[in-house]
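Below is one structure; the comments refer to it alone.
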Amino acid sequence: MEPEYSFFDAPEKKENSVWLNFLLLGFSYGPMTYSLARRLFVYNLSEVTDEDINDGIAVGQVMPGAVLANFAAYLGYLVDKIRGAFAGMLIFIFPSFVLMVVLSFLYGKYGQVPLVQVILRGMSSVMIALLFKVVLDIFSTGVEEPGYLLISLASFLLLLGNVNIAVILVGSVAASLLHGVHSKKLVWEKGHGKIPDSDQVRDYLATHSWFLWMILGLLGTNSIIYLINPEIAAMNTVLFKIGLFTFGNGYTMLPFIYKEVVQSFHWLTPKEFSDGIVLGQITPGPVIITATFVGYKVAGVIGAIFATISIFLPSTMLVALASETFVKYKDNLWMKISMKGILSSFIGLLTLVIIQLGRVSVVNFKMSLFTAVAIVLFVYTKINPMILLLVGLAASILFLR
C-alpha cells in the first residue's frame, strides 16, 4: 500500500525535462495543449498514458475555472502529487503571464498592438484545425457508440440554447450512466453505497488538512493586503470567487469578470476590457489570462501577479484535492462510464466552437483554403502543433492582409 503523501513532505526527484515540458506546454494555443501534451508527456517522456490525457481533459471540464489550467494541474498531479499540481499550473501559465504583462505595458504606452487583427485571423484558422483534430482524437477513444453520439448531439443543442455548462455536464454523466445500466454494462453491486466509517473520515481529513490551512493562509494574507491596498484585496476577492464558482471555460468566465471589473468596481472601461480580451487571444494560454490585464490596470505588475494567482489558484486547489480520489477510482467502471459522458459532451462543445469560429473567420476563399490546409496537415501528418502555429502566423501576415 502506498504511503500517504503530505503537502509538506520532501518532493520526489524528477527530471528537469519534465518541468521544462510544462513550460513548453505553456506556449501552446487552446486545444493545441492536448495534442502537444500527448507528444511531450506520452510519446517523448512516457510519463503518462493516452488515457491519462483523456482523463485530464475530463477533469478540466468538471472542475470550475480555466479548463486548460486545470488540465495542466492534473498532469502535474500525476507527475508529483499535490505539489506537482500547483507547479504544473504555475509553469504552464508563466509564458502567457509574462507576455500579457508586456502587452499590458505596451497597451498602456501606445494604445495599439500592430497586426493584432491579422494575427488573430490566422490563429482562428489554425485553431479550427486544432479543434477538429481534438474532436477526432476524443471520438476514437470509445465514444463513437450511438448512445454517446446522442449525448454529444444533445449537448450541442443545449449549448445552442445557452443552457448552463454545469447542467449539461451533470446531465451528460447521468445519461451516460443510464445508458450503461440499460446496456447492462453497469450492474449495482453490494458495497457500492457503503458509507465511510469514522476512521476513514478522520484519515481523509488528516491527509487533506493542507487544503484548510491554505484557505486560512489566503484569508490572512488578503486581510493584510487590505490594510495596505484595499483595491488589490477587493480585486483578489472578486477574481478568486469567479475562479472558484464559475464552470465551463474561460469564455463563460468573462461575463462575470466584466460585470465586476467594469460595472461594479469601474476598474476598466468597456473598451479597455474588450481590448484586454484581444490581448489575451494573442497569448498562448487560457483566455482568462485577461485577468492579468485587469490586475495590471489596477496596480501595475504587482496587481497583475495577484490577479493571475487569484483567478487560477481556486480551481488548482480543487484539482489537487480531488485528483487523488479520481486517480484511485478512475478504473472503476462507473467512473469510466461517467468520463465517457463528459467526453461526449465535450465533443458537442467543441463542435459548436468550430462552427462559431468558422462563421466569423472563414469568410472567403483564401481563408477557406488556409483552414483546409491546416486541417489536412493536422489530421494526416505528425507535424508539431507549435511549428504549424508559427507557420500559420507567418502565412497570415504574408498572405491574409
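Following the order of the C-alpha cells, first chain is A, next is B, and so on, with residues numbered from 1 inside each chain and ligands from 1 in the order they appear.
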
Taking 4 positions as the minimum chain separation for residues in the same chain, which residues sit within 9 Å of A:Val126 when counting only C-alpha atoms? Answer as a list in words.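 The residues that qualify are Gly122, Leu130, Leu131, Phe370, Thr371, Ala374, Ile375, Leu388, Leu389, Gly392 and Leu393 of chain A.
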
Excluding A:Leu268 and any residue of its chain fewer than 4 positions from it, enumerate the residues within 9 Å of it, using only C-alpha atoms, and give them as a VMD selection string. chain A and resid 258 261 to 263 272 to 273 294 297 to 298

Residues from last step as file, C-alpha atoms, as a CSV table (one decimal), in the first residue's frame:
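Everything below was put into part.csv:
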chain,number,residue,atom,x,y,z
A,258,TYR,CA,-16.9,42.1,-17.0
A,261,VAL,CA,-14.4,44.9,-13.0
A,262,VAL,CA,-16.4,47.2,-15.4
A,263,GLN,CA,-19.8,47.6,-14.0
A,272,GLU,CA,-10.4,48.6,-22.2
A,273,PHE,CA,-12.0,45.3,-21.2
A,294,VAL,CA,-7.1,43.7,-15.3
A,297,LYS,CA,-4.6,48.2,-14.9
A,298,VAL,CA,-5.5,48.2,-11.2

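Among the candidate residues A:Glu145, A:Asp52, A:Asp137, A:Asp80, the one lying nearest to A:Gly341 is A:Glu145, with distances computed using only C-alpha atoms.
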
Report as a tab-separated table the residues of stretch 53-91 of chain A within 12 Å of stretch 23-40 of chain A, each with its shortest atom pair and distance in Å (one decimal), using only C-alpha atoms, ordered by chain and increasing residue number.
residue	atom	partner	partner_atom	distance
A:Ile53	CA	A:Arg38	CA	6.8
A:Asn54	CA	A:Tyr34	CA	8.7
A:Asp55	CA	A:Tyr34	CA	11.2
A:Gly56	CA	A:Tyr34	CA	9.1
A:Ile57	CA	A:Tyr34	CA	7.8
A:Ala58	CA	A:Tyr34	CA	11.6
A:Gly60	CA	A:Tyr34	CA	11.2
A:Ala66	CA	A:Gly30	CA	11.0
A:Val67	CA	A:Gly30	CA	9.7
A:Leu68	CA	A:Thr33	CA	7.4
A:Ala69	CA	A:Gly26	CA	9.5
A:Asn70	CA	A:Thr33	CA	11.7
A:Phe71	CA	A:Tyr34	CA	8.6
A:Ala72	CA	A:Leu25	CA	8.5
A:Ala73	CA	A:Leu25	CA	11.9
A:Tyr74	CA	A:Ala37	CA	11.8
A:Leu75	CA	A:Ala37	CA	9.0
A:Gly76	CA	A:Ala37	CA	11.6
A:Ala87	CA	A:Leu23	CA	10.4
A:Gly88	CA	A:Leu23	CA	8.5
A:Met89	CA	A:Gly26	CA	9.2
A:Leu90	CA	A:Leu23	CA	9.1
A:Ile91	CA	A:Leu23	CA	5.5
